[in-house]
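Raw contents of entry04.cif, mmCIF, C-alpha atoms:
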```cif
data_model
#
loop_
_atom_site.label_atom_id
_atom_site.label_comp_id
_atom_site.auth_asym_id
_atom_site.auth_seq_id
_atom_site.Cartn_x
_atom_site.Cartn_y
_atom_site.Cartn_z
CA MET U 244 -80.61 -21.20 -166.81
CA ASN U 245 -79.33 -22.30 -170.22
CA LYS U 246 -81.27 -21.96 -173.47
CA THR U 247 -82.18 -25.64 -173.69
CA GLU U 248 -83.90 -25.66 -170.31
CA PHE U 249 -85.65 -22.39 -171.07
CA LEU U 250 -87.00 -23.74 -174.38
CA LEU U 251 -88.25 -26.81 -172.57
CA ARG U 252 -89.99 -24.57 -170.03
CA LEU U 253 -91.64 -22.74 -172.92
CA LYS U 254 -92.76 -26.04 -174.45
CA LEU U 255 -94.46 -26.93 -171.17
CA GLN U 256 -96.59 -23.75 -171.24
CA LYS U 257 -100.13 -24.10 -172.53
CA GLY U 258 -100.85 -22.32 -175.78
CA VAL U 259 -97.21 -22.09 -176.86
CA GLY U 260 -96.87 -23.81 -180.23
CA TYR U 261 -94.02 -23.99 -182.69
CA VAL U 262 -94.54 -20.53 -184.20
CA LYS U 263 -94.44 -18.74 -180.85
CA MET U 264 -91.48 -20.78 -179.67
CA LEU U 265 -89.58 -19.97 -182.85
CA GLN U 266 -90.38 -16.28 -182.51
CA ILE U 267 -88.97 -16.34 -178.99
CA ALA U 268 -85.99 -18.61 -179.78
CA THR U 269 -84.71 -16.27 -182.49
CA GLN U 270 -84.35 -13.57 -179.81
CA LEU U 271 -82.24 -15.69 -177.47
CA ASP U 272 -78.67 -14.52 -178.08
CA ALA U 273 -77.06 -15.10 -174.69
CA GLU U 274 -75.94 -18.56 -173.57
CA GLU U 275 -77.53 -18.10 -170.15
CA ILE U 276 -81.04 -16.75 -169.75
CA ASP U 277 -82.08 -14.45 -166.90
CA LEU U 278 -84.96 -12.10 -166.09
CA ILE U 279 -83.08 -9.01 -167.23
CA GLN U 280 -82.58 -10.48 -170.71
CA LEU U 281 -86.18 -11.68 -170.93
CA ASN U 282 -87.54 -8.24 -170.05
CA ALA U 283 -85.34 -6.73 -172.76
CA LEU U 284 -86.54 -9.06 -175.55
CA ASP U 285 -87.94 -7.30 -178.62
CA LEU U 286 -91.22 -9.20 -178.51
CA PRO U 287 -94.91 -8.37 -178.21
CA LEU U 288 -95.92 -7.91 -174.56
CA ALA U 289 -97.96 -11.14 -174.52
CA LEU U 290 -94.95 -13.20 -175.63
CA ARG U 291 -92.66 -11.54 -173.10
CA GLU U 292 -95.17 -12.37 -170.38
CA ILE U 293 -95.14 -16.00 -171.53
CA CYS U 294 -91.33 -15.99 -171.28
CA LEU U 295 -91.43 -14.57 -167.75
CA LYS U 296 -94.09 -17.06 -166.70
CA ALA U 297 -92.06 -19.97 -168.07
CA TYR U 298 -88.91 -18.74 -166.34
CA ARG U 299 -90.65 -18.44 -162.96
CA ASP U 300 -92.72 -21.63 -163.22
CA GLU U 301 -91.73 -23.69 -160.18
CA GLN U 302 -93.89 -26.62 -161.25
CA ALA U 303 -91.87 -26.85 -164.47
CA GLU U 304 -88.76 -27.74 -162.48
CA ILE U 305 -90.43 -30.90 -161.19
CA ILE U 306 -91.65 -31.90 -164.65
CA ILE U 307 -88.27 -31.20 -166.27
CA GLU U 308 -86.47 -33.31 -163.68
CA ARG U 309 -88.78 -36.21 -164.49
CA ILE U 310 -88.25 -35.74 -168.23
CA LYS U 311 -84.47 -35.74 -167.74
CA GLN U 312 -84.76 -39.09 -165.99
CA GLN U 313 -86.72 -40.46 -168.95
CA SER U 314 -84.76 -39.10 -171.90
CA GLU U 315 -81.96 -36.98 -173.25
CA ILE U 316 -83.01 -33.45 -174.17
CA ILE U 317 -81.45 -31.73 -177.18
CA SER U 318 -82.23 -28.20 -178.32
CA PHE U 319 -81.46 -26.40 -181.55
CA PHE U 320 -78.66 -24.60 -179.67
CA ASP U 321 -76.82 -27.74 -178.52
CA ASP U 322 -73.69 -29.16 -180.16
CA SER U 323 -75.34 -32.59 -180.26
CA TYR U 324 -78.14 -31.25 -182.49
CA PRO U 325 -77.68 -32.70 -186.03
CA GLU U 326 -76.34 -30.07 -188.42
CA LYS U 327 -78.40 -31.29 -191.37
CA LEU U 328 -81.57 -30.86 -189.35
CA ARG U 329 -80.73 -27.21 -188.67
CA GLN U 330 -81.00 -26.56 -192.42
CA ILE U 331 -84.61 -27.62 -192.92
CA TYR U 332 -87.76 -25.53 -192.93
CA GLN U 333 -89.16 -25.43 -189.39
CA PRO U 334 -86.46 -27.49 -187.65
CA PRO U 335 -87.63 -28.90 -184.30
CA LEU U 336 -86.45 -26.65 -181.48
CA ILE U 337 -86.40 -29.48 -178.94
CA LEU U 338 -85.75 -33.20 -179.41
CA PHE U 339 -86.19 -35.97 -176.87
CA ALA U 340 -83.99 -39.02 -177.30
CA ARG U 341 -83.16 -42.44 -175.92
CA GLY U 342 -80.13 -44.34 -177.09
CA ASP U 343 -76.87 -43.42 -178.80
CA LEU U 344 -76.87 -39.69 -179.65
CA SER U 345 -73.58 -40.02 -181.56
CA LEU U 346 -75.52 -41.66 -184.41
CA LEU U 347 -76.95 -38.24 -185.34
CA LYS U 348 -73.44 -37.13 -186.35
CA LYS U 349 -72.89 -40.02 -188.78
CA PRO U 350 -74.02 -40.53 -192.41
CA ILE U 351 -77.72 -41.44 -192.34
CA MET U 352 -79.86 -43.04 -195.04
CA THR U 353 -83.62 -43.14 -194.60
CA ILE U 354 -85.79 -46.00 -195.84
CA VAL U 355 -89.57 -45.51 -196.00
CA GLY U 356 -92.54 -47.09 -197.68
CA ALA U 357 -96.02 -48.50 -197.32
CA ARG U 358 -97.41 -49.78 -194.04
CA ALA U 359 -99.15 -52.56 -196.01
CA ALA U 360 -95.96 -53.44 -197.88
CA THR U 361 -95.61 -56.71 -199.75
CA ASN U 362 -92.87 -59.32 -199.79
CA TYR U 363 -91.30 -57.26 -202.59
CA SER U 364 -90.26 -54.58 -200.07
CA GLN U 365 -89.12 -57.26 -197.63
CA GLU U 366 -86.85 -58.85 -200.23
CA ILE U 367 -85.49 -55.49 -201.42
CA ILE U 368 -84.72 -54.35 -197.88
CA GLN U 369 -83.12 -57.62 -196.81
CA LYS U 370 -80.75 -57.48 -199.77
CA LEU U 371 -80.13 -53.72 -199.83
CA VAL U 372 -79.53 -53.00 -196.15
CA PRO U 373 -76.33 -55.12 -195.84
CA SER U 374 -74.71 -52.95 -198.53
CA LEU U 375 -75.72 -49.77 -196.70
CA VAL U 376 -74.49 -51.09 -193.34
CA LYS U 377 -71.20 -52.15 -194.93
CA GLN U 378 -70.72 -48.54 -196.05
CA LYS U 379 -71.29 -47.36 -192.46
CA TYR U 380 -74.69 -45.78 -193.08
CA ILE U 381 -77.03 -45.40 -190.14
CA ILE U 382 -80.50 -46.48 -191.30
CA ALA U 383 -83.37 -44.22 -190.27
CA SER U 384 -87.10 -44.76 -190.50
CA GLY U 385 -90.33 -44.04 -188.65
CA LEU U 386 -91.02 -47.24 -186.63
CA ALA U 387 -94.38 -47.71 -188.38
CA LYS U 388 -95.74 -51.03 -189.58
CA GLY U 389 -94.55 -52.34 -192.93
CA VAL U 390 -91.45 -50.91 -194.57
CA ASP U 391 -90.33 -48.92 -191.52
CA ALA U 392 -90.26 -51.99 -189.28
CA MET U 393 -88.63 -54.03 -192.06
CA ALA U 394 -85.83 -51.47 -192.37
CA HIS U 395 -85.18 -51.35 -188.62
CA HIS U 396 -85.22 -55.15 -188.28
CA ALA U 397 -82.93 -55.70 -191.28
CA THR U 398 -80.43 -53.18 -189.93
CA LEU U 399 -80.31 -54.75 -186.48
CA ASN U 400 -80.07 -58.25 -187.99
CA ASN U 401 -77.02 -57.11 -189.97
CA ASN U 402 -75.33 -55.60 -186.90
CA GLY U 403 -76.02 -52.09 -188.12
CA LYS U 404 -77.25 -49.03 -186.26
CA THR U 405 -80.70 -47.58 -186.75
CA ILE U 406 -82.59 -44.42 -185.79
CA ALA U 407 -86.36 -44.33 -185.31
CA VAL U 408 -88.15 -40.97 -185.50
CA ILE U 409 -91.56 -41.36 -183.89
CA GLY U 410 -94.75 -39.30 -184.05
CA ASN U 411 -95.55 -39.55 -180.34
CA GLY U 412 -93.77 -39.24 -177.01
CA LEU U 413 -91.06 -41.67 -175.99
CA ASN U 414 -93.22 -43.14 -173.21
CA HIS U 415 -95.69 -44.54 -175.76
CA PHE U 416 -95.25 -47.62 -177.93
CA TYR U 417 -96.98 -47.26 -181.28
CA PRO U 418 -97.93 -49.45 -182.95
CA MET U 419 -97.98 -51.88 -180.04
CA GLN U 420 -96.73 -54.69 -182.27
CA ASN U 421 -93.42 -52.81 -182.48
CA HIS U 422 -93.02 -52.57 -178.69
CA PHE U 423 -90.11 -55.02 -178.56
CA LEU U 424 -88.53 -53.46 -181.66
CA GLN U 425 -88.66 -50.03 -180.02
CA GLU U 426 -86.88 -51.42 -176.96
CA GLN U 427 -84.26 -53.03 -179.21
CA ILE U 428 -83.61 -49.73 -180.97
CA ILE U 429 -83.17 -47.94 -177.65
CA ASP U 430 -80.53 -50.52 -176.71
CA GLN U 431 -78.78 -50.72 -180.08
CA GLY U 432 -79.62 -47.48 -181.83
CA LEU U 433 -81.56 -44.27 -181.17
CA ILE U 434 -85.18 -43.18 -180.78
CA ILE U 435 -86.00 -39.49 -181.21
CA SER U 436 -89.16 -37.40 -181.01
CA GLU U 437 -90.03 -33.72 -180.92
CA TYR U 438 -92.95 -34.43 -178.61
CA LEU U 439 -92.94 -34.41 -174.81
CA PRO U 440 -92.51 -37.98 -173.48
CA ASP U 441 -96.14 -38.47 -172.44
CA THR U 442 -97.61 -37.21 -175.75
CA PRO U 443 -99.93 -39.87 -177.23
CA PRO U 444 -99.92 -40.84 -180.93
CA ARG U 445 -102.30 -38.87 -183.14
CA PRO U 446 -102.66 -39.10 -186.96
CA TYR U 447 -101.70 -35.48 -187.61
CA ARG U 448 -98.40 -35.88 -185.77
CA PHE U 449 -96.97 -38.44 -188.20
CA PRO U 450 -96.77 -36.16 -191.26
CA GLN U 451 -95.05 -33.59 -189.01
CA ARG U 452 -92.35 -36.05 -187.97
CA ASN U 453 -91.62 -36.86 -191.65
CA ARG U 454 -89.65 -33.63 -192.00
CA ILE U 455 -87.30 -34.90 -189.28
CA ILE U 456 -86.88 -38.32 -190.91
CA SER U 457 -85.80 -36.69 -194.17
CA GLY U 458 -84.01 -33.81 -192.45
CA ILE U 459 -81.44 -35.90 -190.59
CA SER U 460 -80.51 -37.95 -193.64
CA GLU U 461 -78.31 -37.68 -196.70
CA GLY U 462 -80.94 -39.40 -198.78
CA VAL U 463 -84.33 -41.15 -198.77
CA ILE U 464 -85.10 -44.55 -200.30
CA VAL U 465 -88.73 -45.39 -201.10
CA THR U 466 -89.56 -49.05 -201.74
CA GLU U 467 -93.33 -49.30 -202.12
CA ALA U 468 -95.86 -46.49 -201.71
CA LYS U 469 -99.23 -45.47 -203.04
CA GLU U 470 -99.67 -42.27 -205.05
CA LYS U 471 -100.74 -40.29 -201.99
CA SER U 472 -98.91 -41.47 -198.92
CA GLY U 473 -96.70 -40.39 -196.03
CA SER U 474 -93.70 -41.88 -197.82
CA LEU U 475 -94.17 -39.52 -200.75
CA ILE U 476 -94.50 -36.62 -198.32
CA THR U 477 -91.13 -37.64 -196.88
CA ALA U 478 -89.62 -37.87 -200.37
CA SER U 479 -91.06 -34.48 -201.31
CA LEU U 480 -89.60 -32.91 -198.17
CA ALA U 481 -86.26 -34.53 -198.97
CA LEU U 482 -86.27 -32.95 -202.43
CA GLN U 483 -87.12 -29.55 -200.96
CA GLU U 484 -84.14 -29.85 -198.61
CA ASN U 485 -81.76 -30.94 -201.40
CA ARG U 486 -81.48 -34.50 -200.17
CA ASP U 487 -80.99 -37.39 -202.57
CA VAL U 488 -84.12 -39.39 -203.34
CA TYR U 489 -83.98 -43.01 -204.51
CA ALA U 490 -86.90 -45.21 -205.50
CA VAL U 491 -87.34 -48.91 -206.17
CA PRO U 492 -89.11 -49.40 -209.52
CA GLY U 493 -91.97 -51.87 -209.60
CA PRO U 494 -94.63 -53.30 -211.90
CA ILE U 495 -97.03 -50.72 -213.28
CA THR U 496 -99.87 -53.06 -212.34
CA SER U 497 -99.11 -52.64 -208.62
CA SER U 498 -100.75 -49.76 -206.74
CA LEU U 499 -97.82 -49.84 -204.27
CA SER U 500 -95.35 -49.21 -207.09
CA LYS U 501 -97.16 -46.14 -208.39
CA GLY U 502 -95.47 -43.90 -205.82
CA PRO U 503 -91.86 -44.99 -206.51
CA ASN U 504 -92.45 -45.10 -210.27
CA GLN U 505 -93.78 -41.54 -210.20
CA LEU U 506 -90.77 -40.44 -208.18
CA ILE U 507 -88.46 -41.95 -210.80
CA GLU U 508 -90.44 -40.25 -213.56
CA ALA U 509 -89.97 -36.96 -211.67
CA GLY U 510 -86.20 -37.43 -211.40
CA ALA U 511 -85.55 -39.74 -208.44
CA THR U 512 -82.68 -42.19 -208.87
CA PRO U 513 -83.91 -45.75 -209.54
CA ILE U 514 -82.36 -48.54 -207.49
CA VAL U 515 -81.78 -51.37 -209.93
CA ASP U 516 -79.44 -53.63 -207.92
CA PHE U 517 -78.41 -54.25 -204.31
CA GLU U 518 -74.89 -52.78 -204.42
CA PHE U 519 -75.80 -49.32 -203.22
CA LYS U 520 -72.92 -46.92 -203.86
CA LYS U 521 -73.76 -43.23 -203.59
CA GLU U 522 -70.77 -42.15 -205.68
CA ARG U 523 -72.02 -44.29 -208.56
CA PHE U 524 -75.32 -42.42 -208.55
CA ASP U 525 -73.53 -39.06 -208.32
CA ASN U 526 -71.61 -39.64 -211.57
#
```

Take the structure in the file and give it back as structure tokens.
Amino acid sequence: MNKTEFLLRLKLQKGVGYVKMLQIATQLDAEEIDLIQLNALDLPLALREICLKAYRDEQAEIIIERIKQQSEIISFFDDSYPEKLRQIYQPPLILFARGDLSLLKKPIMTIVGARAATNYSQEIIQKLVPSLVKQKYIIASGLAKGVDAMAHHATLNNNGKTIAVIGNGLNHFYPMQNHFLQEQIIDQGLIISEYLPDTPPRPYRFPQRNRIISGISEGVIVTEAKEKSGSLITASLALQENRDVYAVPGPITSSLSKGPNQLIEAGATPIVDFEFKKERFDN
């Protein structure tokens, strides 16, 4: 079997988390995996036994066939895996996708912000997104309430393409109010997740997916965000991965402008008009 299917088999094994999968994946040199190679892996005995169990697991074949009917499966070893994502700390080893995979190979700009965003974010996004779409950027976000949904809607309304990175499996719609939006993105963009399709949403999974949102992009734009928020986690991850970070300045009296204003104070590029041109910021 190929490496992608073997990694998926590993992911289906109980007690195999990211660290163990990574430890095993770094040992997989051959394109095709067989029992001889697995027995020869330079791994602790317990990990080698997990590999052999995954390889021989007949039940996994049934589950994998069902997953293939529900989504595209991309592994770190596939050509369709986004190159920028390979560069981040702890890149996802497996991605599940629905929609247009070619979008992962195009210039991507991420827009994030508060779930309880105000009309200020709505106005900024409605006026900024057309400029980004005109420059052929794919707009990425996390399909959450507030700024995420605003960014996805604005992109679709301007005939652009959008990517949603979600913190649950593809068979779940979360939040439910974005059910129709999620279906729209599948038809006109791309939905990706590192979680098996039936994985339910849990709070701790959303910070984990933020590294993917920033990892696939050239830059991250923050509109409104509180001092301690998921959006600032995304921006921080973007800085760590040498991505560009942009922030929309706001009134110092607004708690939702404290996050972007602090980012600007720390060196993020302020967005002061709606004609977004990356080369202008680079000069």

- So what do you get for CA of Thr405 in chain U versus CA of Pro503 in chain U, distance-wise?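 Distance between the two atoms: 22.8 Å.
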
- Task: Let me know the residues the PyMOL selection byres ((chain U and resi 285) around 12) catches in the file above, as a list in words.
- Result: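 Here the PyMOL selection byres ((chain U and resi 285) around 12) matches Gln266, Ile267, Ala268, Thr269, Gln270, Leu271, Asp272, Gln280, Leu281, Asn282, Ala283, Leu284, Leu286, Pro287, Leu288, Ala289, Leu290, Arg291 and Cys294 of chain U.
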
- Item | Å distance separating CA of Tyr417 in chain U from CA of Gln333 in chain U, one decimal place |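 A separation of 24.6 Å between them.
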
- Using only C-alpha atoms, which of U:Ala359, U:Ile317, U:Ile495, U:Ala340 sits nearest Ile429 in chain U?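 Once distances to Ile429 in chain U are computed over only C-alpha atoms, the minimum belongs to U:Ala340.
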
- Query: Applied to this file, what does the PyMOL selection byres ((chain U and resi 320) around 10) return in terms of residues, put as a ChimeraX atom specification?
  - Reply: /U:245-247,250,268,271,274,317-319,321-324,329,336-337

- Note on the structure: What separates CA of Ala511 in chain U and CA of Pro325 in chain U is a distance of 24.8 Å

List every residue of range 380-435 of chain U that has an atom at most 7 Å from any atom of range 444-464 of chain U, giving for each one its closest atom pair and the distance in Å to one decimal, counting all atoms listed in the file, sorted by chain and then by ascending residue number, as CSV.
```
residue,atom,partner,partner_atom,distance
U:Ala383,CA,U:Ile456,CA,6.9
U:Ser384,CA,U:Ile456,CA,6.5
U:Val408,CA,U:Ile456,CA,6.2
U:Ile409,CA,U:Arg452,CA,6.7
U:Gly410,CA,U:Phe449,CA,4.8
U:Asn411,CA,U:Pro444,CA,4.6
```

- Task: May I ask which of the residues U:Asn401, U:Thr466, U:Thr353, U:Ser436 is the closest one to Leu338 in chain U, counting all atoms listed in the file?
- Result: U:Ser436

- Item | Output of the PyMOL selection byres ((chain U and resi 404) around 8), listed as a PyMOL selection string | chain U and resi 346+376+380-382+398-399+402-403+405-406+431-432

- For Glu470 in chain U, work out the shell of residues within 12 Å, counting only C-alpha atoms and skipping chain neighbours fewer than 2 positions away, then give it as a ChimeraX atom specification. /U:356-357,467-468,472-476,478,497-506

- Item | Residue nearest Tyr438 in chain U among U:Gly412, U:Leu371, U:Lys327, U:Ile316 (counting all atoms listed in the file) | U:Gly412

- Quick one: residues within 12 Å of Ile306 in chain U, all atoms listed in the file counted, chain neighbours fewer than 3 positions away excluded, as a PyMOL selection string? chain U and resi 248+251-252+254-256+300-303+309-313+439-441

- Using all atoms listed in the file, which residues sit within 8 Å of Arg341 in chain U once same-chain residues fewer than 6 positions away are excluded, as a list in words?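 Counting all atoms listed in the file, the residues come to Ser314, Glu315, Leu413, Ile429, Leu433, Ile434 and Ile435 of chain U.
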
Just write the chosen residues, C-alpha atoms, as a PDB file, in the coordinates of the input.
```
ATOM      1  CA  SER U 314     -84.760 -39.100-171.900  1.00  0.00           C
ATOM      2  CA  GLU U 315     -81.960 -36.980-173.250  1.00  0.00           C
ATOM      3  CA  LEU U 413     -91.060 -41.670-175.990  1.00  0.00           C
ATOM      4  CA  ILE U 429     -83.170 -47.940-177.650  1.00  0.00           C
ATOM      5  CA  LEU U 433     -81.560 -44.270-181.170  1.00  0.00           C
ATOM      6  CA  ILE U 434     -85.180 -43.180-180.780  1.00  0.00           C
ATOM      7  CA  ILE U 435     -86.000 -39.490-181.210  1.00  0.00           C
TER       8      ILE U 435
END
```

Just range 298-319 of chain U, please, as a PDB file, in the first residue's frame (only N, CA, C and O atoms).
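This is the output file decode.pdb:
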```
ATOM      1  N   TYR U 298      -1.267  -2.168   9.493  1.00  0.00           N
ATOM      2  CA  TYR U 298      -1.117  -2.744   8.152  1.00  0.00           C
ATOM      3  C   TYR U 298      -2.061  -3.927   7.945  1.00  0.00           C
ATOM      4  O   TYR U 298      -2.638  -4.104   6.866  1.00  0.00           O
ATOM      5  N   ARG U 299      -2.239  -4.726   8.990  1.00  0.00           N
ATOM      6  CA  ARG U 299      -3.023  -5.966   8.866  1.00  0.00           C
ATOM      7  C   ARG U 299      -4.510  -5.772   9.185  1.00  0.00           C
ATOM      8  O   ARG U 299      -5.287  -6.709   9.051  1.00  0.00           O
ATOM      9  N   ASP U 300      -4.884  -4.588   9.626  1.00  0.00           N
ATOM     10  CA  ASP U 300      -6.238  -4.336  10.103  1.00  0.00           C
ATOM     11  C   ASP U 300      -7.252  -4.412   8.957  1.00  0.00           C
ATOM     12  O   ASP U 300      -7.375  -3.489   8.140  1.00  0.00           O
ATOM     13  N   GLU U 301      -7.991  -5.504   8.894  1.00  0.00           N
ATOM     14  CA  GLU U 301      -8.967  -5.686   7.821  1.00  0.00           C
ATOM     15  C   GLU U 301     -10.158  -4.738   7.971  1.00  0.00           C
ATOM     16  O   GLU U 301     -10.744  -4.298   6.980  1.00  0.00           O
ATOM     17  N   GLN U 302     -10.513  -4.431   9.206  1.00  0.00           N
ATOM     18  CA  GLN U 302     -11.628  -3.520   9.442  1.00  0.00           C
ATOM     19  C   GLN U 302     -11.320  -2.127   8.896  1.00  0.00           C
ATOM     20  O   GLN U 302     -12.217  -1.400   8.454  1.00  0.00           O
ATOM     21  N   ALA U 303     -10.035  -1.764   8.926  1.00  0.00           N
ATOM     22  CA  ALA U 303      -9.636  -0.438   8.437  1.00  0.00           C
ATOM     23  C   ALA U 303      -9.974  -0.255   6.966  1.00  0.00           C
ATOM     24  O   ALA U 303     -10.314   0.845   6.524  1.00  0.00           O
ATOM     25  N   GLU U 304      -9.894  -1.339   6.198  1.00  0.00           N
ATOM     26  CA  GLU U 304     -10.186  -1.250   4.767  1.00  0.00           C
ATOM     27  C   GLU U 304     -11.610  -0.779   4.525  1.00  0.00           C
ATOM     28  O   GLU U 304     -11.878   0.038   3.637  1.00  0.00           O
ATOM     29  N   ILE U 305     -12.530  -1.265   5.334  1.00  0.00           N
ATOM     30  CA  ILE U 305     -13.940  -0.888   5.192  1.00  0.00           C
ATOM     31  C   ILE U 305     -14.116   0.590   5.539  1.00  0.00           C
ATOM     32  O   ILE U 305     -14.802   1.344   4.826  1.00  0.00           O
ATOM     33  N   ILE U 306     -13.490   1.003   6.634  1.00  0.00           N
ATOM     34  CA  ILE U 306     -13.606   2.396   7.082  1.00  0.00           C
ATOM     35  C   ILE U 306     -12.980   3.338   6.061  1.00  0.00           C
ATOM     36  O   ILE U 306     -13.547   4.385   5.729  1.00  0.00           O
ATOM     37  N   ILE U 307     -11.804   2.972   5.553  1.00  0.00           N
ATOM     38  CA  ILE U 307     -11.105   3.819   4.584  1.00  0.00           C
ATOM     39  C   ILE U 307     -11.912   3.971   3.300  1.00  0.00           C
ATOM     40  O   ILE U 307     -11.990   5.060   2.720  1.00  0.00           O
ATOM     41  N   GLU U 308     -12.553   2.898   2.873  1.00  0.00           N
ATOM     42  CA  GLU U 308     -13.378   2.978   1.663  1.00  0.00           C
ATOM     43  C   GLU U 308     -14.528   3.958   1.869  1.00  0.00           C
ATOM     44  O   GLU U 308     -14.862   4.741   0.974  1.00  0.00           O
ATOM     45  N   ARG U 309     -15.106   3.946   3.055  1.00  0.00           N
ATOM     46  CA  ARG U 309     -16.189   4.884   3.351  1.00  0.00           C
ATOM     47  C   ARG U 309     -15.672   6.321   3.393  1.00  0.00           C
ATOM     48  O   ARG U 309     -16.318   7.234   2.865  1.00  0.00           O
ATOM     49  N   ILE U 310     -14.496   6.517   3.987  1.00  0.00           N
ATOM     50  CA  ILE U 310     -13.913   7.858   4.048  1.00  0.00           C
ATOM     51  C   ILE U 310     -13.613   8.378   2.645  1.00  0.00           C
ATOM     52  O   ILE U 310     -13.851   9.560   2.331  1.00  0.00           O
ATOM     53  N   LYS U 311     -13.118   7.512   1.780  1.00  0.00           N
ATOM     54  CA  LYS U 311     -12.807   7.924   0.401  1.00  0.00           C
ATOM     55  C   LYS U 311     -14.063   8.359  -0.356  1.00  0.00           C
ATOM     56  O   LYS U 311     -13.985   9.194  -1.260  1.00  0.00           O
ATOM     57  N   GLN U 312     -15.196   7.776   0.007  1.00  0.00           N
ATOM     58  CA  GLN U 312     -16.450   8.173  -0.626  1.00  0.00           C
ATOM     59  C   GLN U 312     -16.933   9.527  -0.108  1.00  0.00           C
ATOM     60  O   GLN U 312     -17.692  10.221  -0.773  1.00  0.00           O
ATOM     61  N   GLN U 313     -16.450   9.898   1.085  1.00  0.00           N
ATOM     62  CA  GLN U 313     -16.904  11.131   1.716  1.00  0.00           C
ATOM     63  C   GLN U 313     -15.979  12.317   1.470  1.00  0.00           C
ATOM     64  O   GLN U 313     -16.415  13.472   1.561  1.00  0.00           O
ATOM     65  N   SER U 314     -14.722  12.050   1.173  1.00  0.00           N
ATOM     66  CA  SER U 314     -13.763  13.151   1.068  1.00  0.00           C
ATOM     67  C   SER U 314     -12.519  12.742   0.287  1.00  0.00           C
ATOM     68  O   SER U 314     -12.278  11.555   0.048  1.00  0.00           O
ATOM     69  N   GLU U 315     -11.767  13.757  -0.107  1.00  0.00           N
ATOM     70  CA  GLU U 315     -10.423  13.532  -0.642  1.00  0.00           C
ATOM     71  C   GLU U 315      -9.469  13.381   0.533  1.00  0.00           C
ATOM     72  O   GLU U 315      -9.631  14.038   1.564  1.00  0.00           O
ATOM     73  N   ILE U 316      -8.469  12.535   0.379  1.00  0.00           N
ATOM     74  CA  ILE U 316      -7.487  12.317   1.441  1.00  0.00           C
ATOM     75  C   ILE U 316      -6.118  12.741   0.926  1.00  0.00           C
ATOM     76  O   ILE U 316      -5.665  12.272  -0.117  1.00  0.00           O
ATOM     77  N   ILE U 317      -5.476  13.643   1.659  1.00  0.00           N
ATOM     78  CA  ILE U 317      -4.159  14.140   1.263  1.00  0.00           C
ATOM     79  C   ILE U 317      -3.193  13.871   2.411  1.00  0.00           C
ATOM     80  O   ILE U 317      -3.500  14.185   3.562  1.00  0.00           O
ATOM     81  N   SER U 318      -2.043  13.313   2.105  1.00  0.00           N
ATOM     82  CA  SER U 318      -1.032  13.151   3.155  1.00  0.00           C
ATOM     83  C   SER U 318       0.159  14.061   2.879  1.00  0.00           C
ATOM     84  O   SER U 318       0.302  14.614   1.788  1.00  0.00           O
ATOM     85  N   PHE U 319       0.980  14.205   3.893  1.00  0.00           N
ATOM     86  CA  PHE U 319       2.189  15.023   3.795  1.00  0.00           C
ATOM     87  C   PHE U 319       3.040  14.613   2.597  1.00  0.00           C
ATOM     88  O   PHE U 319       3.797  15.424   2.058  1.00  0.00           O
TER      89      PHE U 319
END
```
